[in-house]
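Data block for upload-v1.cif (mmCIF, C-alpha atoms):
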```cif
data_final
loop_
_atom_site.label_atom_id
_atom_site.label_comp_id
_atom_site.auth_asym_id
_atom_site.auth_seq_id
_atom_site.Cartn_x
_atom_site.Cartn_y
_atom_site.Cartn_z
CA MET C 139 154.13 87.75 142.50
CA VAL C 140 155.68 88.16 145.96
CA ARG C 141 158.14 85.32 145.26
CA ARG C 142 159.10 86.95 141.96
CA TRP C 143 159.84 90.25 143.71
CA PHE C 144 162.04 88.55 146.27
CA ARG C 145 163.88 86.67 143.48
CA ASN C 146 164.57 89.87 141.55
CA THR C 147 165.80 91.81 144.56
CA GLU C 148 167.73 88.84 145.98
CA ARG C 149 166.03 89.21 149.35
CA ASP C 150 164.31 86.78 151.62
CA PRO C 151 161.30 87.55 153.82
CA TYR C 152 163.27 86.36 156.83
CA GLU C 153 166.13 88.81 156.23
CA ASP C 154 164.60 91.37 158.55
CA GLU C 155 164.79 88.86 161.35
CA GLY C 156 168.56 88.61 161.08
CA ILE C 157 168.58 85.17 159.41
CA GLU C 158 170.88 84.77 156.45
CA VAL C 159 169.40 82.69 153.67
CA THR C 160 170.76 81.65 150.28
CA LEU C 161 168.18 81.55 147.52
CA ASP C 162 167.48 78.29 145.74
CA GLN C 163 168.79 78.60 142.19
CA SER C 164 166.93 75.55 140.87
CA PRO C 165 164.55 76.33 137.98
CA ARG C 166 161.76 74.29 139.58
CA PRO C 167 159.37 76.45 141.66
CA THR C 168 158.98 75.55 145.29
CA ARG C 169 156.02 75.94 147.62
CA TRP C 170 155.71 76.41 151.32
CA PHE C 171 153.68 73.21 151.73
CA GLN C 172 156.56 71.08 150.33
CA LYS C 173 158.59 71.27 153.54
CA LYS C 174 159.84 68.03 155.06
CA THR C 175 158.24 66.63 158.13
CA LEU C 176 160.93 66.92 160.79
CA SER C 177 161.31 64.72 163.81
CA SER C 178 161.34 66.06 167.33
CA GLU C 179 165.05 65.28 167.63
CA ASP C 180 165.82 67.55 164.66
CA GLU C 181 163.78 70.32 166.24
CA ASP C 182 165.54 69.96 169.58
CA ASP C 183 168.95 70.20 167.87
CA ASP C 184 167.92 73.19 165.83
CA ASP C 185 170.01 76.22 166.67
CA ILE C 186 168.95 79.56 165.37
CA ASN C 187 172.57 80.75 165.30
CA ASN C 188 173.67 77.95 162.93
CA ASN C 189 172.63 79.39 159.61
CA ASN C 190 175.13 78.03 157.11
CA SER C 191 173.92 77.59 153.57
CA ASN C 192 174.58 73.82 153.46
CA ASP C 193 172.02 73.05 156.18
CA ARG C 194 168.89 73.30 154.03
CA ASN C 195 165.77 71.38 153.24
CA HIS C 196 164.51 71.07 149.68
CA SER C 197 162.36 74.19 149.97
CA GLY C 198 165.50 76.34 149.91
CA ARG C 199 165.02 77.68 153.44
CA SER C 200 167.30 77.25 156.39
CA ASN C 201 166.40 74.44 158.75
CA SER C 202 166.39 77.01 161.50
CA THR C 203 163.30 78.51 159.92
CA ARG C 204 161.49 75.28 159.02
CA SER C 205 158.81 75.81 161.66
CA LEU C 206 157.30 79.14 162.57
CA PHE C 207 155.85 77.63 165.71
CA SER C 208 158.93 75.75 167.00
CA TYR C 209 160.12 78.62 169.18
CA TRP C 210 156.72 79.13 170.74
CA ARG C 211 156.23 75.40 171.23
CA ASN C 212 159.65 74.79 172.81
CA ASN C 213 159.16 77.61 175.27
CA ASN C 214 155.53 77.00 176.21
CA ASN C 215 155.37 73.21 176.66
CA ALA C 216 156.54 71.04 179.48
CA ALA C 217 159.76 69.05 179.34
CA ASP C 218 157.85 65.78 179.01
CA ASP C 219 156.79 66.77 175.45
CA THR C 220 153.05 66.86 176.17
CA TYR C 221 152.20 69.09 173.21
CA ASN C 222 151.34 66.04 171.11
CA THR C 223 148.25 65.38 173.25
CA ILE C 224 146.16 68.17 171.71
CA PRO C 225 142.38 67.64 172.16
CA THR C 226 140.47 67.31 168.90
CA ALA C 227 136.88 68.38 168.20
CA MET C 228 134.18 65.79 167.68
CA ALA C 229 133.04 67.51 164.46
CA THR C 230 135.39 68.56 161.70
CA THR C 231 133.52 71.74 160.71
CA VAL C 232 131.24 74.28 162.33
CA VAL C 233 128.34 73.05 160.21
CA ASP C 234 128.92 69.47 161.39
CA ALA C 235 129.07 70.63 164.98
CA LEU C 236 125.81 72.55 164.70
CA TYR C 237 124.13 69.70 162.85
CA SER C 238 125.16 67.30 165.62
CA LEU C 239 123.11 69.40 168.07
CA MET C 240 119.85 68.59 166.27
CA GLY C 241 117.76 66.33 168.45
CA ASP C 242 120.27 66.43 171.32
CA GLU C 243 118.12 66.33 174.44
CA ASP C 244 121.01 67.12 176.78
CA LEU C 245 122.24 70.29 175.08
CA SER C 246 118.87 71.67 173.89
CA ASP C 247 117.00 74.16 176.04
CA VAL C 248 113.67 74.63 174.22
CA ARG C 249 111.00 72.25 172.94
CA LEU C 250 108.79 73.36 170.04
CA HIS C 251 105.37 71.65 170.02
CA GLY C 252 103.42 71.41 166.78
CA ASN C 253 99.66 71.27 166.31
CA ASP C 254 99.86 67.54 165.55
CA GLY C 255 101.21 66.58 168.97
CA GLY C 256 104.82 66.19 167.86
CA SER C 257 107.73 68.25 169.16
CA VAL C 258 111.26 69.28 168.22
CA VAL C 259 114.06 70.20 170.61
CA ALA C 260 116.47 73.02 169.80
CA VAL C 261 118.88 75.57 171.23
CA LYS C 262 117.28 78.95 171.77
CA ALA C 263 120.42 80.94 171.02
CA ILE C 264 120.84 79.38 167.57
CA LEU C 265 117.21 80.01 166.59
CA ALA C 266 117.33 83.54 167.97
CA ALA C 267 120.49 84.28 165.98
CA ARG C 268 118.73 83.35 162.72
CA SER C 269 115.28 84.85 163.28
CA PRO C 270 114.24 88.07 165.05
CA ILE C 271 110.88 86.48 165.78
CA PHE C 272 112.53 83.63 167.68
CA ARG C 273 114.69 86.13 169.53
CA GLN C 274 111.67 88.12 170.59
CA LYS C 275 109.81 84.99 171.71
CA PHE C 276 112.61 83.45 173.73
CA PHE C 277 114.33 86.51 175.18
CA GLY C 278 111.67 89.23 175.11
CA PRO C 279 111.56 92.53 173.18
CA VAL C 280 114.86 93.68 171.70
CA SER C 281 116.13 97.14 172.70
CA ASP C 282 116.51 99.53 169.79
CA LYS C 283 119.69 101.46 168.96
CA HIS C 284 118.53 104.51 170.96
CA GLY C 285 118.30 102.53 174.15
CA GLY C 286 114.53 102.14 174.17
CA THR C 287 112.59 98.89 174.30
CA PRO C 288 110.00 98.50 171.58
CA ASP C 289 106.81 96.73 172.46
CA THR C 290 107.02 94.35 169.51
CA VAL C 291 109.59 93.36 166.94
CA GLY C 292 107.40 93.90 163.87
CA THR C 293 105.15 96.75 162.87
CA GLU C 294 101.38 96.76 162.71
CA GLU C 295 101.57 96.16 158.96
CA ASP C 296 103.68 93.06 159.57
CA ALA C 297 101.10 91.69 161.96
CA ALA C 298 98.33 92.38 159.48
CA ASP C 299 100.28 90.53 156.79
CA SER C 300 100.67 87.45 159.02
CA GLU C 301 104.39 88.10 159.44
CA THR C 302 104.00 87.60 163.19
CA SER C 303 100.70 85.73 163.22
CA ILE C 304 101.98 83.03 165.56
CA VAL C 305 100.21 82.01 168.74
CA VAL C 306 102.77 80.77 171.25
CA HIS C 307 101.81 79.68 174.74
CA GLY C 308 104.45 80.15 177.41
CA ALA C 309 106.73 82.57 175.52
CA ARG C 310 106.95 86.29 176.19
CA GLY C 311 106.03 88.95 173.68
CA THR C 312 104.15 86.77 171.22
CA THR C 313 101.47 88.20 168.99
CA ASP C 314 97.96 86.76 168.80
CA THR C 315 96.44 88.20 165.63
CA GLY C 316 92.97 87.12 166.70
CA LEU C 317 93.08 89.58 169.58
CA ASN C 318 95.64 91.92 167.97
CA THR C 319 97.36 92.34 171.33
CA THR C 320 100.72 91.43 172.81
CA VAL C 321 100.46 88.56 175.27
CA GLU C 322 102.91 88.52 178.18
CA GLN C 323 102.91 85.20 179.98
CA PRO C 324 105.49 83.49 182.19
CA ALA C 325 107.53 80.89 180.35
CA THR C 326 106.62 77.26 180.94
CA PHE C 327 109.47 74.83 181.54
CA VAL C 328 109.22 71.05 181.34
CA ASP C 329 112.24 68.90 182.18
CA GLY C 330 114.42 71.99 182.20
CA LYS C 331 113.38 73.08 178.69
CA MET C 332 111.17 75.99 177.68
CA LYS C 333 107.91 74.71 176.22
CA VAL C 334 106.63 76.62 173.18
CA GLU C 335 103.43 75.61 171.37
CA PHE C 336 102.58 76.46 167.78
CA GLU C 337 98.99 76.27 166.60
CA GLU C 338 99.86 77.06 162.98
CA TRP C 339 102.38 74.34 162.02
CA ASP C 340 102.98 70.69 162.67
CA CYS C 341 106.25 69.19 163.88
CA ARG C 342 107.46 68.51 160.32
CA ILE C 343 107.47 72.21 159.51
CA LEU C 344 109.11 73.01 162.85
CA TYR C 345 111.80 70.39 162.24
CA LEU C 346 112.64 71.87 158.84
CA ILE C 347 112.84 75.36 160.33
CA VAL C 348 115.22 74.15 163.03
CA GLU C 349 117.26 72.27 160.43
CA PHE C 350 117.58 75.38 158.30
CA CYS C 351 118.58 77.53 161.28
CA TYR C 352 121.30 75.01 162.15
CA THR C 353 122.66 74.15 158.70
CA ASP C 354 121.29 76.70 156.19
CA ASN C 355 120.03 73.73 154.16
CA LEU C 356 116.94 71.53 153.85
CA SER C 357 117.08 67.75 153.62
CA ILE C 358 113.61 67.72 152.04
CA MET C 359 115.09 69.29 148.91
CA ASP C 360 116.57 65.87 148.05
CA VAL C 361 113.32 63.92 148.56
CA PRO C 362 111.44 62.89 145.38
CA PRO C 363 108.50 65.31 144.98
CA ASN C 364 104.86 64.37 145.46
CA ASP C 365 101.66 66.01 146.67
CA GLU C 366 102.56 65.58 150.34
CA ILE C 367 105.99 67.13 149.90
CA ALA C 368 104.38 69.99 147.98
CA ARG C 369 102.00 70.67 150.88
CA ILE C 370 104.92 70.68 153.33
CA MET C 371 106.78 73.15 151.13
CA ALA C 372 103.69 75.37 151.01
CA GLY C 373 103.56 75.34 154.80
CA LEU C 374 107.28 76.03 154.96
CA ARG C 375 106.78 78.98 152.66
CA SER C 376 104.26 80.49 155.06
CA ALA C 377 106.50 79.75 158.06
CA SER C 378 109.53 81.38 156.43
CA LYS C 379 107.56 84.61 156.12
CA ALA C 380 106.25 84.39 159.66
CA PHE C 381 109.73 83.90 161.14
CA LYS C 382 111.32 86.40 158.71
CA LEU C 383 113.70 83.82 157.24
CA LEU C 384 114.22 85.26 153.77
CA ALA C 385 116.93 82.76 152.86
CA LEU C 386 114.52 79.93 153.67
CA LEU C 387 111.89 81.55 151.44
CA ASP C 388 114.42 81.62 148.62
CA LYS C 389 115.03 77.89 149.00
CA VAL C 390 111.30 77.16 148.94
CA ASP C 391 110.93 79.22 145.76
CA GLN C 392 113.91 77.37 144.30
CA TRP C 393 112.22 74.04 145.01
CA GLY C 394 109.03 75.27 143.37
CA PHE C 395 110.81 76.52 140.26
CA GLN C 396 112.66 73.22 139.81
CA ASN C 397 109.72 70.89 140.39
CA ILE C 398 106.57 72.70 139.24
CA SER C 399 107.99 73.32 135.78
CA ARG C 400 108.89 69.64 135.52
CA TYR C 401 105.77 68.25 137.22
CA PRO C 402 102.89 70.71 136.62
CA ALA C 403 100.38 68.51 138.46
CA LEU C 404 102.05 69.48 141.77
CA CYS C 405 100.69 73.01 141.47
CA CYS C 406 97.19 71.90 142.55
CA ALA C 407 98.47 70.65 145.92
CA LEU C 408 100.45 73.88 146.34
CA ILE C 409 97.40 75.99 145.55
CA ASP C 410 95.14 74.02 147.85
CA GLU C 411 97.56 74.26 150.78
CA GLY C 412 98.31 77.88 149.96
CA MET C 413 94.63 78.81 150.11
CA ARG C 414 94.36 77.22 153.54
CA ARG C 415 97.28 79.35 154.73
CA ASN C 416 96.27 82.46 152.75
CA ASP C 417 99.58 82.36 150.88
CA ILE C 418 99.26 81.01 147.32
CA ASP C 419 102.44 80.42 145.37
CA SER C 420 102.49 82.70 142.32
CA ALA C 421 104.62 80.19 140.37
CA ALA C 422 101.96 77.53 140.90
CA MET C 423 99.24 79.85 139.63
CA LYS C 424 101.24 80.73 136.54
CA THR C 425 101.89 77.06 135.80
CA LEU C 426 98.18 76.32 136.19
CA GLN C 427 97.32 78.94 133.59
CA LEU C 428 100.06 78.06 131.10
CA LYS C 429 99.93 74.25 131.41
CA THR C 430 96.31 73.71 132.34
CA ARG C 431 95.82 70.20 130.96
CA ALA C 432 99.06 68.86 132.46
CA ALA C 433 98.25 70.53 135.77
CA LEU C 434 94.64 69.30 136.09
CA LEU C 435 94.74 65.98 134.23
CA PRO C 436 98.16 64.37 134.67
CA VAL C 437 98.99 60.99 133.18
CA THR C 438 98.49 57.91 135.33
CA GLU C 439 102.14 57.45 136.28
CA GLY C 440 102.91 61.16 136.58
CA VAL C 441 104.03 63.02 139.69
CA GLY C 442 101.16 64.81 141.36
CA SER C 443 97.44 64.07 141.36
CA GLY C 444 96.31 67.27 139.69
CA ILE C 445 92.71 68.23 140.30
CA LEU C 446 92.28 65.40 142.81
CA ALA C 447 94.38 67.39 145.28
CA LEU C 448 91.83 70.24 145.39
CA SER C 449 89.26 70.69 148.10
CA LYS C 450 85.85 72.22 147.42
CA SER C 451 86.91 75.80 148.08
CA SER C 452 90.11 75.53 146.05
CA LEU C 453 88.21 73.78 143.23
CA MET C 454 85.90 76.76 142.91
CA PHE C 455 88.87 79.10 142.98
CA VAL C 456 90.62 77.20 140.17
CA LEU C 457 87.48 77.10 138.02
CA ARG C 458 86.92 80.80 138.51
CA THR C 459 90.52 81.51 137.52
CA LEU C 460 90.42 79.38 134.35
CA GLU C 461 86.91 79.96 133.04
CA SER C 462 87.82 82.91 130.83
CA ASN C 463 90.92 81.53 129.05
CA THR C 464 90.62 77.73 129.09
CA SER C 465 88.65 75.18 127.12
CA HIS C 466 85.37 74.54 128.92
CA MET C 467 85.43 70.94 127.78
CA LEU C 468 88.76 70.54 129.55
CA LEU C 469 87.24 72.01 132.69
CA PHE C 470 84.31 69.63 132.43
CA ASP C 471 86.63 66.61 132.08
CA ALA C 472 88.61 67.75 135.11
CA LEU C 473 85.45 68.29 137.13
CA GLN C 474 84.20 64.84 136.21
CA ARG C 475 87.50 63.27 137.29
CA TRP C 476 87.27 65.11 140.60
CA VAL C 477 83.83 63.61 141.24
CA GLU C 478 84.94 60.08 140.40
CA PHE C 479 88.31 59.83 142.17
CA SER C 480 88.85 62.61 144.68
CA SER C 481 88.88 61.83 148.37
CA ASP C 482 88.07 64.51 150.91
CA ALA C 483 89.04 63.98 154.54
CA LEU C 484 85.76 65.58 155.59
CA TYR C 485 83.86 62.62 154.10
CA SER C 486 86.19 59.85 155.30
CA ASN C 487 83.58 58.49 157.73
CA LEU C 488 80.67 58.68 155.31
CA ASP C 489 79.23 55.92 153.20
CA PRO C 490 80.86 55.95 149.73
CA GLY C 491 77.48 56.40 148.07
CA ILE C 492 76.62 59.39 150.22
CA GLU C 493 80.07 60.87 149.65
CA LYS C 494 79.76 60.59 145.86
CA ALA C 495 76.23 62.07 145.91
CA SER C 496 77.52 65.03 147.91
CA LYS C 497 80.43 65.60 145.53
CA THR C 498 78.16 65.26 142.51
CA ALA C 499 75.76 67.88 143.86
CA PHE C 500 78.64 70.28 144.49
CA ALA C 501 80.15 69.61 141.06
CA SER C 502 76.76 70.26 139.42
CA ARG C 503 76.59 73.72 140.95
CA CYS C 504 80.16 74.41 139.80
CA ALA C 505 79.43 73.18 136.27
CA VAL C 506 76.38 75.38 135.89
CA ARG C 507 78.23 78.39 137.27
CA PHE C 508 81.59 78.15 135.48
CA ILE C 509 81.12 75.92 132.41
CA LYS C 510 79.09 77.30 129.49
CA LEU C 511 77.37 74.74 127.28
CA GLY C 512 77.67 77.12 124.34
CA LYS C 513 81.48 76.74 124.48
CA ILE C 514 81.37 72.94 124.25
CA SER C 515 81.48 71.28 120.84
CA PRO C 516 78.15 69.76 119.69
CA GLY C 517 79.81 66.37 119.18
CA ARG C 518 80.32 65.97 122.93
CA MET C 519 77.10 67.58 124.10
CA ASP C 520 75.40 64.19 124.61
CA GLU C 521 78.32 63.03 126.77
CA VAL C 522 78.09 66.14 128.91
CA MET C 523 74.36 65.83 129.46
CA ALA C 524 74.65 62.12 130.25
CA SER C 525 77.24 62.72 132.97
CA GLY C 526 74.65 63.87 135.46
CA LEU C 527 76.44 67.12 136.26
CA TYR C 528 73.89 69.14 134.30
CA VAL C 529 70.47 68.47 135.81
CA LYS C 530 67.57 69.50 133.60
CA GLU C 531 65.96 71.57 136.31
CA ILE C 532 69.22 73.45 136.94
CA VAL C 533 69.88 74.04 133.23
CA SER C 534 66.36 75.25 132.53
CA GLY C 535 66.46 77.50 135.59
#
```

Encoded form (structure tokens):
Amino acid sequence: MVRRWFRNTERDPYEDEGIEVTLDQSPRPTRWFQKKTLSSEDEDDDDINNNNSNDRNHSGRSNSTRSLFSYWRNNNNAADDTYNTIPTAMATTVVDALYSLMGDEDLSDVRLHGNDGGSVVAVKAILAARSPIFRQKFFGPVSDKHGGTPDTVGTEEDAADSETSIVVHGARGTTDTGLNTTVEQPATFVDGKMKVEFEEWDCRILYLIVEFCYTDNLSIMDVPPNDEIARIMAGLRSASKAFKLLALLDKVDQWGFQNISRYPALCCALIDEGMRRNDIDSAAMKTLQLKTRAALLPVTEGVGSGILALSKSSLMFVLRTLESNTSHMLLFDALQRWVEFSSDALYSNLDPGIEKASKTAFASRCAVRFIKLGKISPGRMDEVMASGLYVKEIVSG
């Protein structure tokens, strides 16, 4: 549009600078990025007073105006033509530069320790720029706009909702929800880096938080889903709320929407991990209610283990949720599969026979409490009674 206006008025944008230019009458449109690459000799011979119309490049402009930076360059560089030795950055973009800092021991100034013994190094300023919780931990309380200094970053409601329920040793202004007080302790430095310990998350969660703060992306989004990845995403969901990273929470919800709808059996791992962190994914609960059979009893080669991913407490929660609107025979089949194939870390050191007896006793109490024999078809009643989950003494009582 600008070029059209200049063509109609027979003016050139360089006319105000006292440079006479003849417009190119060729019907083919020209663009500024079609200029020739001129040698240094041509630039040295360039005279701004020599503006005849025959001295032109194919863009239609005078050669005296072929470089907007030639005047500045010729007057600000040494006679030995040293302007060609311009230093270049190691990374091509800001994102690449920030991503290159991940894991850099020399440039990092804080070490985040997880509850599993692992640690992640990071730059405090980058984390503080993304999260107000990190800023408060590393640099103390933030002054408000009136010049005051609030005692904490969040409100009492935020602390009650586990928004700041992070126990950090060695960082100022952290909130311990067990004591509901603000702990002020001198920072601990090891090898020149601030040492910060997290009792809530392991180093995998901390690494993903650091990665998101650096790049605004998550590499785990490209990993094929399974129960373990689902548990990590459930932990990341809780961490995103604790550090007030709403964009991270959106990415976690995006992962859940894409994978739970495709692989319903993953919702059991999400629910189990969510119960442990007091933050159950609503999408997982909805999938459990709408696709109960696929969620609890997946096919052999499917993604997710279904009911096998549930612990005792989460198993009772799922049965209580489904007892009013789900086939009780389906619940019985799922409960029987849980007894036969589930593996609880609490019983890893027990004899397999003792472990199965303990799970059978627990499943029997669940069956009597949540599964009604009157809602099971008579054709499968013998199978149910022969399973051992319904003990005669319990049924009669």

What lies within 10 Å of Ser465 in chain C using all atoms listed in the file, ignoring chain neighbours under 5 positions off, as a list of chain:residue names? C:Thr430, C:Arg431, C:Leu460, C:Phe470, C:Ile509, C:Lys513, C:Ile514

With distances taken over only C-alpha atoms, which of C:Leu250, C:Ile398, C:Val361, C:Leu527 is nearest to Glu337 in chain C?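 Distance minimum relative to Glu337 in chain C lands on C:Leu250.
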
Pick out the closest residue to Tyr345 in chain C from this set: C:Leu435, C:Ile409, C:Ala372, C:Met240. Count only C-alpha atoms.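 The answer is C:Met240, which sits nearest to Tyr345 in chain C.
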
On this file, the PyMOL selection byres ((chain C and resi 255-265) around 8) gives some set of residues; write that set as a count of residues only. 29

Atom pair CA of Phe479 in chain C / CA of Ser449 in chain C: separation (Å):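 Going from CA of Phe479 in chain C over to CA of Ser449 in chain C, I get 12.4 Å.
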
Let me make sure I understand: among C:Ile358, C:Val334, C:Cys504, C:Cys405, which one has the smallest atom-to-atom distance to Ile370 in chain C if we use only C-alpha atoms?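 Smallest distance to Ile370 in chain C is found for C:Ile358.
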
What does the structure give for the distance between CA of Arg400 in chain C and CA of Leu448 in chain C, in Å to one decimal?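 Those two atoms sit 19.7 Å apart.
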
Hey, can you check how far CA of Leu356 in chain C sits from CA of Pro436 in chain C?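 Calculated distance between CA of Leu356 in chain C and CA of Pro436 in chain C is 27.8 Å.
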
Applying 12 Å and all atoms listed in the file, which residues near Met523 in chain C remain after dropping the ones on its own chain fewer than 2 positions away? List them as a ChimeraX atom specification. /C:470,474,502,505-506,511,514,516-521,525-530,532-533

All residues 12 Å or closer to Phe455 in chain C, all atoms listed in the file, same chain fewer than 2 positions away omitted, as a PyMOL selection string: chain C and resi 406+409-410+412-413+418+423+426+445+448-453+457-461+504+508

Who sits within 8 Å of Ala377 in chain C, all atoms listed in the file, same chain under 3 positions skipped, as a CSV table (one decimal) with C-alpha atoms, keeping the file's coordinate frame:
```csv
chain,number,residue,atom,x,y,z
C,339,TRP,CA,102.4,74.3,162.0
C,343,ILE,CA,107.5,72.2,159.5
C,373,GLY,CA,103.6,75.3,154.8
C,374,LEU,CA,107.3,76.0,155.0
C,380,ALA,CA,106.2,84.4,159.7
C,381,PHE,CA,109.7,83.9,161.1
```

Provide an axis-aligned box for all listed atoms of range 453-463 of chain C, padding each side by 4 Å; report its centre and its edge lengths in Å to one decimal, as AutoDock Vina command-line options.
```
--center_x 88.4 --center_y 78.3 --center_z 136.1 --size_x 13.0 --size_y 17.1 --size_z 22.2
```
